[in-house]
Amino acid sequence: MHIRGGLRAAIGLSTALLMLAACGGTPQSSSGPEGGDIKDGGDLRVYIGEPRHIVASNAGESEGSTVARALYSGLIDYVGDDYKIVNVMADSIKSTDNKVWTIKLKGGWAFHNGEAVNSDAYIRAWNAAAYAPNAQLGSHFFERVDGYADLQGKEPKAKEMSGLKKVDDTTFEVTLRQPFAGFPVMLGYVAFMPMAQACAADLKACDEAPIGNGPFKMDGKWEHKQQVKLVRNNDYKGTKAHLDRLTFKIYDKIETAYNDLLAGNIDIMPRRMPPAKVPEARVKFGDRLLDKPSPSFTAVAIPTYLDPFKDKRIRQAMSMAIDRKAIVDAVYQGRYTPAKSFSPPGFPGGRDDTCKYCQFNPEKAKQLLAEAGGWPAGKKAELWFNAGAGHDVWMQAVGDQLKRNLGIDYELKGQLQQPEFLATADAKKLTGPYRSAWAPDYPLNENYLTPLFGTGGSSNRTGYSNPEFDARIVRGDNAKLLDEAGKLYGEAEDLLAEDMPSIPLWFDKASVAFGETVTGVEYNGVQGVNFARVGFTK
Amino acid sequence: MTEQVESVISADRSAQAGIERSASLWADAWRDLRRRPVAIASAVVIVLVSSMAAFPWLWTRTDPRDCPIQLSKATPSAAHIFGTNELGCDYYAMTIYGARASIIVALVSTSLVLLVGALVGMAAGFYGGWVDSVLSRLADIFFALPFLLGALVFLSMLRSHSVWTIVLAFAVLGWPPLARIVRASVLATKNMDYVQAARSLGASDRRLLFRHILPNAAAPAIVVATILLGTYVASEATLSYLGIGLQPPEISWGIMIAQGQSYVTSGYPHLLLFPAAFLSATVLAFILLGDALRDALDPKLR
Amino acid sequence: MSDVVLEVRDLTKHFPLTKGIVFKRQVGAVRAVDGVNLTLRRGETLGVVGESGCGKSTLAKLIIGLEKPTSGEILVQGQNLARMRGSALRRARRNIQLVMQDPYTSLNPRMTVGDIVGEPFQIHPEVAPRSDRRRRVGELLELVGLSPDHINRYPHQFSGGQRQRIGIARALALRPEIIVCDEPVSALDLSIQAQVINLLERLQEELGLSYIFIAHDLSVVRHISDRVAVMYLGKIIETGVDTEIYDHPTHPYAQALLSAVPVPDPTLRGLRDQIILEGDVPSPANPPSGCRFRTRCWKAREVCVEQEPALVEREGSAHPSACHFAEERDVVHATD
Amino acid sequence: MGGPGAGGLKGLEVTPLGRYLARRLLQFVPTLLGALFILHYLMTVGIQLNGDPARAVFGDRTPSQSQLQAMQRVFGTDDPCFEQAGNPCLTVFVHRLENMAQGDFGVDSRERPVVTLIAEHAPITARLALLAILIELLVGVTAGVLAGLRGGSFWDYVVKVSTTMLVAIPIFVVGAVTQLVLGVEFGSWLKGVGAPDLLTGLFSIAYRTDQPWASLVMPAFVLASLSLATTARLTRTSLMENLRGDYVRTATAKGLTRNRVVGVHALRNSLIPVITNLGISFGNLLAGAVVTEGIFNIRGIGGLVFGAVATGEAATVVSVVTILVLVYLLCNLIIDVLYAVLDPRIRLD
């Protein structure tokens, strides 16, 4: 439907072939589904918050990557609600052992300044991103690449990762430390975008006016806290944009932006809406408000190393005592999707019913609690979250549920500011269940599993460690096919569903609202709105 | 016997005299205030709100933290006369319990500001010299820090934000204007002949300060303090709105307004209207009372 | 000498002059009182006259202990007030009290008359037992001619003259021997002035008080004083009993000063020669060398520049006069 | 220099005004140093108690040691003293002072120089504050005159209650309601009927770069609403006092019309305290704009500091707030000097 001509990616290892090559040029076909209605030209004014950075290697958060994705084109794109992988700059991405990957580029692409986008442009970009002194947010994406460690520390041993090797102008080789089936899936992330020489020479200047290779290019510099102005890149090799101009209007408060959308001063809010305004907006915008599933995930993680929580039945009981739908209805106007799994449904490898203890069943919950010997008398469950970010409301709702349905009295511990909260969590010093949120780096269920629950996982703060889980992850890493990998990772997820080191609560929903004359808006949770396909009606 | 009786009587009379004495200007002011309907209405509002703060159970038997989530955002009805909030908590009970934070913040901060301001102002004005220089420069620093920004920086330093940390922030930032007023009054008063007269009698510094200087310097400070009470109630709400004030599960009008305002156009105006009405009435009452007090204490305007 | 209640010896008060923006350094001093000697006997009134700015008020403040002298002694019954501190000073103060100039500002508007007059007892609780104070206040009010019923009234409910009486009652509370009156009537209407002066005289007789009466109004001073001292630029330049000074002034400044007194007897008007002084009063921060008056004196010679004249009896003067060329000159023909 | 004090005491090489200015400017030094230190200390303790802001950049993802270190260098929190609660980090402070003395105010977490940030943000806030002051003068004084001409009248009451109401409602509610009613509803309607740009600018929801003045008018009204009451009240009181003054009676007796008496004589004198108060509030307006700037999306100083506090950018907070303190001190100095120049009865000391 959305992607005519786009290829379903079956990234096979044994075949060592991305069959995308066969369909080279397809992405160029510029007519979208409503292609006939879209007029060429116009200036689309888009709401964003002030990005931290917009140069791709550093555009790690939602606002920055929204801009970066309009400025850059990477090796692949994730298309549609099921995140199908489509080659953009890549001609092929192959490996025989999941460890050494050979990437072939399409020739003839250029940066906005005219530099050719070749193997060097990618190797340069990835080394610059990984190099610790550059402090780029995209750095950790390269952890799996051989030699990454040499680029770390205050005075790194090397400036280039040994795992990157240029074969020729359009071919380079990536060697990973360990086999990882999901590597090609990562490549669509902004951190993997190419970098022009002129940009590498002065990363800071480049952040003010990135030299990209995408469908839009900078018009002047980033006007901080006001706007980022882009114009169509007429020399673009991929699908050319309909719009003449793309202006990101920067707002401090999303409420103001919403008011400006109502008044017609901006054309689209591409990701978020003020939560309280959504019911109202549904009426006002009708089908111009897209409610799209987002893979952002909220859970109450449990310190499994602490006493009453060591017993998994307690964890299971708590999970069953929470009426997720009631909370979502009350706090999020029914928008979010109550979670029944640990990785988002619709994600490669994700399913929507893995978590049997995620059902609201107070009777069963009480029974499980009783089996576990009950809740220690007089003890209050301390619920932790970072201060000043609005988490208090839903946390209180969760606490109320525990109190009503299990008789566990609770205390909200929301006084730590985010840095201290995260540091305390990192140090495993939180004294009770805590807010845990996760947004994916790449569309694969593995991204929700290894970092959070793997033994020694980079963000594993629950203390959960299960050798069987780790083993199943490794099995996935070595899978022959990506689909197969997703399934194997799913088997690891099944262990979580029994052990419940974390209580999944809900998956976010993105709200995309746009004005009456705007058309061609497509959204997915990883890529956001693809502005190259957006335009105004004729 | 007779002598004893007489001395008892005279002691009694002097006690009466004492009451009359302290009433002097205040008695006049009180007589004046009683004739002002606005002042009376303000005082009534303040008494009512204070009783909510001190004895919320007099006003409601509902626990504001007992929140059936199925009742989320109910509009006002017989069962919940102010409706419920998003978690289904009874909004009337919350509004009543919310008075406490506002009143404590206002009263305690103002008392502290008054105390610190008066002490610093008196010391600076009375002793002059380097004491004055040091205290005045110190006051300059805090005076020059814009109030809201100062509170922002100060509160961001603290690990947690409770009623007491907000009180502390307000007190730390709020005293300089008071100190200035008191200092100016003390400077104007300390060279008055009657102070010199008392000094020549051998009166101690303490006596001079508290018996002669302070009573004559207190009126402007007290008027300003009354207005501060109102300002602090409103500031607490603004801090909550900015996300650096009180935090739930604490209940305060500020939090309720800050959370409720986003629902105004979504069909739940009651979430803003009730706490805002209570807060505004309280602020208004404090300011109008301070205004009336100023008029009553200022003989020029009589 | 046993009847001397107060003796002032070489009393000086210098106010430092400073310069500099950050670090103040002393660049000089205003010599407000510069070597004053006085004696006051029991039951006597010593008038101190002089132009404004001559140091009269500073002298009063020094005597009463409101200012610390730079040097010199203030001996009250042989004790040096200038050296005393703390409770000893407080006790010594009981003996020497002040009546101020402006009855409108010298009474705390927030205190009742009873509290104002009774305050000395609170500061010196040993003087009167608590139970007795109210009665004593009543007596004091009666003594100055006010009704004891007014004890609960506030100052603003009284007239100027009545207020000054309250001030006097306050000064009398501790039964002092000495009262320093600093321009006590200059703020009052003429008719009231007489009442207050008469009250002061009556009290002096009844209570055996000694007054130091500071005023710029020479006729008032003459009326009440037994002896008079004339001040100029921080120094006493002539002193003696009132008739000596008023009728036979020997210092040119005293002569000039007295020549300006309005003459009450119309027949005598025009008979006197009024001396008009030329020039301004020199700055007390930088007084002239030798005789301080020489810059404005018509008799000034070389010696006046070089040598400061002492305050002694001289050939031309039967009483102490600080002029090298002291001699009588009849400036005021009026007799009392 | 010159001024009113010129030709004062002989023998002093500096005029009294010059001396006065020198003394006041020198007094700035301890005040500014004190403010610098207090701000530095607050930020330091904040980091020590609340955690390293560099950590927050990575969100829920736990950064590696070297990633964190790299970010700490950007934030300037790489000194070990930030891990010891209570340590005032004096070396960091001294270093900061040294840099400041050389005009280097540090960088924010994007490594943009704070000086640039200030240059970007200050003009807008200055415009906003200026407009707010104009509005305060225009509306506040008018209201005050209306009230003061007949104390106790209906208008007096209306002015008092309406201005006090504005204070009693939290500013964020005033701002949001204004934006909704005037910006969204009325502004959209204006646009619908094709009103000229200037008019839509006046009622725009957010700050517009193409209407740098007009689009600040509405926010300035909101900002001014807080102090309208004070201005109106001051004008009223001081006008009432002046109307009772002898010179007004004389002027009336001379047969001048009431308008002239009020307009020329009484009002002019009544405005002195009002203007003084405006001067004092200018500094506060500059920064009190946190809320207003947020609501109307104005890229100003208030928002800059708020954002910097939220992300823990010590260099930005310390520098910008200290500059605000300096602006406040200067405003007061100017007011004091003007005061003395305008009113010969007042002496500078």
# chains A, B, ... in the order shown; residues from 1 in each chain; ligands from 1
>>> interface_residues(of="chain C", to="chain B", cutoff="6 Å", atoms="only C-alpha atoms", output="list in words")
Arg90, Thr105, Ser106, Leu107, Asn108 and Ile123 of chain C
>>> interface_residues(of="chain B", to="chain D", cutoff="9 Å", atoms="only C-alpha atoms", output="ChimeraX atom specification")
/B:137-150,152-159,230-231,233-235,237-238,241-242,254,257-258,261,276-277,279-284,287-288,300-301
>>> closest_atom_pairs(of="chain D", to="chain C", cutoff="8 Å", atoms="only C-alpha atoms", output="tab-separated table")
residue	atom	partner	partner_atom	distance
D:Arg19	CA	C:Ile21	CA	7.5
D:Ala22	CA	C:Ile21	CA	7.5
D:Arg23	CA	C:Ile21	CA	5.7
D:Leu26	CA	C:Val22	CA	7.8
>>> select_by_dssp(residues="stretch 495-534 of chain A", states="helix (DSSP H, G or I)", output="MDAnalysis selection string")
chainID A and resid 495:499 531:533
>>> interface_residues(of="chain B", to="chain A", cutoff="7 Å", atoms="only C-alpha atoms", output="PyMOL selection string")
chain B and resi 69-70+72+86-87+159-160+243-244+248+262-263+266
>>> write_last_selection(atoms="C-alpha atoms", output="compact mmCIF listing (two decimals), in the first residue's frame")
# COMPACT_ATOMS: atom_id res chain seq x y z
CA ILE B 69 -9.14 5.27 38.51
CA GLN B 70 -12.38 4.30 36.79
CA SER B 72 -11.17 9.54 35.99
CA GLU B 86 -7.47 12.26 35.90
CA LEU B 87 -6.68 9.58 38.49
CA ARG B 159 17.54 17.09 45.82
CA SER B 160 13.87 17.21 46.62
CA GLY B 243 8.14 21.82 37.17
CA ILE B 244 10.49 22.89 39.91
CA PRO B 248 2.88 15.04 43.28
CA SER B 262 -4.00 21.67 29.83
CA TYR B 263 -7.49 20.14 30.08
CA SER B 266 -10.55 19.36 26.31
>>> closest_atom_pairs(of="chain A", to="chain D", cutoff="6 Å", atoms="only C-alpha atoms", output="JSON lines")
{"residue": "A:Ala132", "atom": "CA", "partner": "D:Gln67", "partner_atom": "CA", "distance": 5.9}
{"residue": "A:Pro133", "atom": "CA", "partner": "D:Ala70", "partner_atom": "CA", "distance": 5.5}
{"residue": "A:Ala135", "atom": "CA", "partner": "D:Ala70", "partner_atom": "CA", "distance": 5.1}
{"residue": "A:Gln152", "atom": "CA", "partner": "D:Ser66", "partner_atom": "CA", "distance": 5.6}
{"residue": "A:Gly153", "atom": "CA", "partner": "D:Ser66", "partner_atom": "CA", "distance": 4.6}
{"residue": "A:Tyr251", "atom": "CA", "partner": "D:Asn297", "partner_atom": "CA", "distance": 5.8}
{"residue": "A:Asp252", "atom": "CA", "partner": "D:Asn297", "partner_atom": "CA", "distance": 5.7}
{"residue": "A:Ala263", "atom": "CA", "partner": "D:Ser188", "partner_atom": "CA", "distance": 5.1}
{"residue": "A:Gln417", "atom": "CA", "partner": "D:Asn50", "partner_atom": "CA", "distance": 5.7}
{"residue": "A:Pro419", "atom": "CA", "partner": "D:Ala56", "partner_atom": "CA", "distance": 4.6}
{"residue": "A:Glu420", "atom": "CA", "partner": "D:Gly51", "partner_atom": "CA", "distance": 4.0}
{"residue": "A:Ser458", "atom": "CA", "partner": "D:Thr62", "partner_atom": "CA", "distance": 5.8}
{"residue": "A:Ser459", "atom": "CA", "partner": "D:Thr62", "partner_atom": "CA", "distance": 5.1}
>>> write_last_selection(atoms="N, CA and C atoms", output="PDB file, in the first residue's frame")
ATOM      1  N   ALA A 132      35.896   8.624  20.779  1.00  0.00           N
ATOM      2  CA  ALA A 132      35.352   9.142  22.043  1.00  0.00           C
ATOM      3  C   ALA A 132      35.517  10.652  22.228  1.00  0.00           C
ATOM      4  N   PRO A 133      36.695  11.202  21.951  1.00  0.00           N
ATOM      5  CA  PRO A 133      36.844  12.644  22.196  1.00  0.00           C
ATOM      6  C   PRO A 133      35.862  13.500  21.397  1.00  0.00           C
ATOM      7  N   ALA A 135      32.792  12.954  21.344  1.00  0.00           N
ATOM      8  CA  ALA A 135      31.583  12.939  22.170  1.00  0.00           C
ATOM      9  C   ALA A 135      30.312  12.921  21.322  1.00  0.00           C
ATOM     10  N   GLN A 152      38.331   4.573  22.381  1.00  0.00           N
ATOM     11  CA  GLN A 152      37.710   5.071  23.609  1.00  0.00           C
ATOM     12  C   GLN A 152      38.767   5.580  24.585  1.00  0.00           C
ATOM     13  N   GLY A 153      38.280   6.177  25.657  1.00  0.00           N
ATOM     14  CA  GLY A 153      39.195   6.702  26.679  1.00  0.00           C
ATOM     15  C   GLY A 153      39.517   8.154  26.407  1.00  0.00           C
ATOM     16  N   TYR A 251       9.930  25.082  18.741  1.00  0.00           N
ATOM     17  CA  TYR A 251       9.090  25.558  19.839  1.00  0.00           C
ATOM     18  C   TYR A 251       9.614  25.039  21.164  1.00  0.00           C
ATOM     19  N   ASP A 252       9.425  25.871  22.168  1.00  0.00           N
ATOM     20  CA  ASP A 252       9.807  25.507  23.515  1.00  0.00           C
ATOM     21  C   ASP A 252       8.721  24.637  24.148  1.00  0.00           C
ATOM     22  N   ALA A 263      -4.034  27.531  14.430  1.00  0.00           N
ATOM     23  CA  ALA A 263      -4.174  28.814  13.767  1.00  0.00           C
ATOM     24  C   ALA A 263      -3.582  28.797  12.360  1.00  0.00           C
ATOM     25  N   GLN A 417      16.493  14.120  40.454  1.00  0.00           N
ATOM     26  CA  GLN A 417      16.537  14.666  39.105  1.00  0.00           C
ATOM     27  C   GLN A 417      17.111  13.585  38.176  1.00  0.00           C
ATOM     28  N   PRO A 419      19.603  13.032  36.072  1.00  0.00           N
ATOM     29  CA  PRO A 419      20.976  12.487  36.104  1.00  0.00           C
ATOM     30  C   PRO A 419      21.228  11.605  37.321  1.00  0.00           C
ATOM     31  N   GLU A 420      20.772  12.094  38.468  1.00  0.00           N
ATOM     32  CA  GLU A 420      21.006  11.319  39.682  1.00  0.00           C
ATOM     33  C   GLU A 420      20.174  10.045  39.677  1.00  0.00           C
ATOM     34  N   SER A 458      24.199  -3.401  28.515  1.00  0.00           N
ATOM     35  CA  SER A 458      24.649  -2.025  28.754  1.00  0.00           C
ATOM     36  C   SER A 458      23.666  -1.244  29.603  1.00  0.00           C
ATOM     37  N   SER A 459      22.387  -1.602  29.555  1.00  0.00           N
ATOM     38  CA  SER A 459      21.420  -0.866  30.361  1.00  0.00           C
ATOM     39  C   SER A 459      20.648  -1.784  31.296  1.00  0.00           C
TER      40      SER A 459
END
>>> atom_distance(atom1="atom CA of A:Leu230", atom2="atom CA of A:Phe248")
8.0 Å
>>> select_by_dssp(residues="stretch 171-331 of chain C", states="strand (DSSP E or B)", output="compact mmCIF listing (two decimals) with N, CA, C and O atoms, in the first residue's frame")
# COMPACT_ATOMS: atom_id res chain seq x y z
N ILE C 178 21.72 67.29 88.01
CA ILE C 178 22.06 68.16 86.89
C ILE C 178 21.09 67.89 85.75
O ILE C 178 20.80 66.72 85.43
N ILE C 179 20.59 68.96 85.16
CA ILE C 179 19.81 68.79 83.94
C ILE C 179 20.43 69.67 82.87
O ILE C 179 20.66 70.86 83.08
N VAL C 180 20.71 69.00 81.73
CA VAL C 180 21.23 69.76 80.60
C VAL C 180 20.02 70.10 79.73
O VAL C 180 19.30 69.21 79.28
N CYS C 181 19.78 71.41 79.56
CA CYS C 181 18.66 71.82 78.72
C CYS C 181 19.23 72.32 77.40
O CYS C 181 19.91 73.34 77.37
N ASP C 182 18.97 71.52 76.33
CA ASP C 182 19.52 71.90 75.03
C ASP C 182 18.44 72.64 74.26
O ASP C 182 17.55 72.02 73.68
N SER C 210 20.70 71.75 89.32
CA SER C 210 21.67 72.59 88.63
C SER C 210 21.39 72.45 87.14
O SER C 210 21.16 71.34 86.65
N TYR C 211 21.37 73.55 86.42
CA TYR C 211 21.09 73.49 85.00
C TYR C 211 22.30 73.90 84.18
O TYR C 211 23.00 74.84 84.53
N ILE C 212 22.52 73.20 83.08
CA ILE C 212 23.32 73.76 82.01
C ILE C 212 22.32 74.11 80.93
O ILE C 212 21.59 73.25 80.43
N PHE C 213 22.20 75.40 80.66
CA PHE C 213 21.13 75.87 79.80
C PHE C 213 21.73 76.37 78.50
O PHE C 213 22.38 77.42 78.45
N ILE C 214 21.53 75.59 77.45
CA ILE C 214 22.15 75.93 76.17
C ILE C 214 21.11 76.59 75.30
O ILE C 214 19.99 76.10 75.17
N ARG C 227 25.26 82.17 85.68
CA ARG C 227 26.52 82.46 85.03
C ARG C 227 26.36 82.14 83.56
O ARG C 227 25.52 81.31 83.18
N VAL C 228 27.19 82.75 82.74
CA VAL C 228 27.06 82.55 81.30
C VAL C 228 28.44 82.24 80.72
O VAL C 228 29.45 82.78 81.17
N ALA C 229 28.45 81.29 79.75
CA ALA C 229 29.68 81.05 79.02
C ALA C 229 29.39 81.28 77.54
O ALA C 229 28.35 80.86 77.03
N VAL C 230 30.29 82.02 76.86
CA VAL C 230 30.10 82.30 75.45
C VAL C 230 31.04 81.40 74.65
O VAL C 230 32.23 81.31 74.94
N MET C 231 30.48 80.67 73.66
CA MET C 231 31.30 79.74 72.86
C MET C 231 31.52 80.27 71.46
O MET C 231 30.64 80.90 70.88
N TYR C 232 32.69 80.02 70.97
CA TYR C 232 32.98 80.35 69.58
C TYR C 232 33.91 79.28 69.02
O TYR C 232 34.97 79.02 69.60
N LYS C 235 35.27 76.64 71.46
CA LYS C 235 35.95 77.08 72.67
C LYS C 235 35.07 78.06 73.42
O LYS C 235 34.24 78.76 72.82
N ILE C 236 35.29 78.11 74.73
CA ILE C 236 34.62 79.16 75.51
C ILE C 236 35.54 80.37 75.51
O ILE C 236 36.73 80.27 75.81
N ILE C 237 34.98 81.52 75.08
CA ILE C 237 35.86 82.68 74.95
C ILE C 237 35.63 83.71 76.07
O ILE C 237 36.43 84.60 76.26
N GLU C 238 34.52 83.53 76.74
CA GLU C 238 34.31 84.45 77.86
C GLU C 238 33.32 83.80 78.81
O GLU C 238 32.36 83.16 78.40
N THR C 239 33.57 83.95 80.08
CA THR C 239 32.64 83.37 81.03
C THR C 239 32.58 84.25 82.29
O THR C 239 33.55 84.91 82.64
N GLY C 240 31.43 84.23 82.93
CA GLY C 240 31.27 85.03 84.14
C GLY C 240 29.83 85.02 84.57
O GLY C 240 28.99 84.37 83.93
N VAL C 241 29.51 85.71 85.65
CA VAL C 241 28.12 85.79 86.08
C VAL C 241 27.37 86.62 85.06
O VAL C 241 27.96 87.39 84.29
N VAL C 312 41.37 83.73 80.83
CA VAL C 312 41.78 84.15 82.19
C VAL C 312 41.26 85.57 82.45
O VAL C 312 40.86 86.28 81.53
N GLU C 313 41.28 85.90 83.72
CA GLU C 313 40.96 87.29 84.03
C GLU C 313 42.12 88.16 83.60
O GLU C 313 43.28 87.78 83.71
N ARG C 314 41.82 89.32 83.06
CA ARG C 314 42.86 90.18 82.52
C ARG C 314 42.68 91.60 83.06
O ARG C 314 41.71 91.90 83.76
N SER C 317 39.45 93.04 82.06
CA SER C 317 38.28 92.20 82.26
C SER C 317 38.28 91.62 83.66
O SER C 317 39.25 91.00 84.09
N ALA C 318 37.17 91.81 84.37
CA ALA C 318 37.08 91.34 85.76
C ALA C 318 36.74 89.85 85.79
O ALA C 318 36.80 89.23 86.84
N HIS C 319 36.37 89.33 84.67
CA HIS C 319 36.05 87.90 84.60
C HIS C 319 36.85 87.28 83.47
O HIS C 319 37.36 88.01 82.61
N PRO C 320 36.92 85.93 83.42
CA PRO C 320 37.78 85.31 82.41
C PRO C 320 37.33 85.64 80.99
O PRO C 320 36.15 85.58 80.67
N SER C 321 38.29 86.02 80.16
CA SER C 321 38.00 86.36 78.78
C SER C 321 39.20 85.96 77.94
O SER C 321 40.34 86.20 78.31
>>> atom_distance(atom1="atom CA of C:Ile197", atom2="atom CA of C:Pro176")
18.3 Å
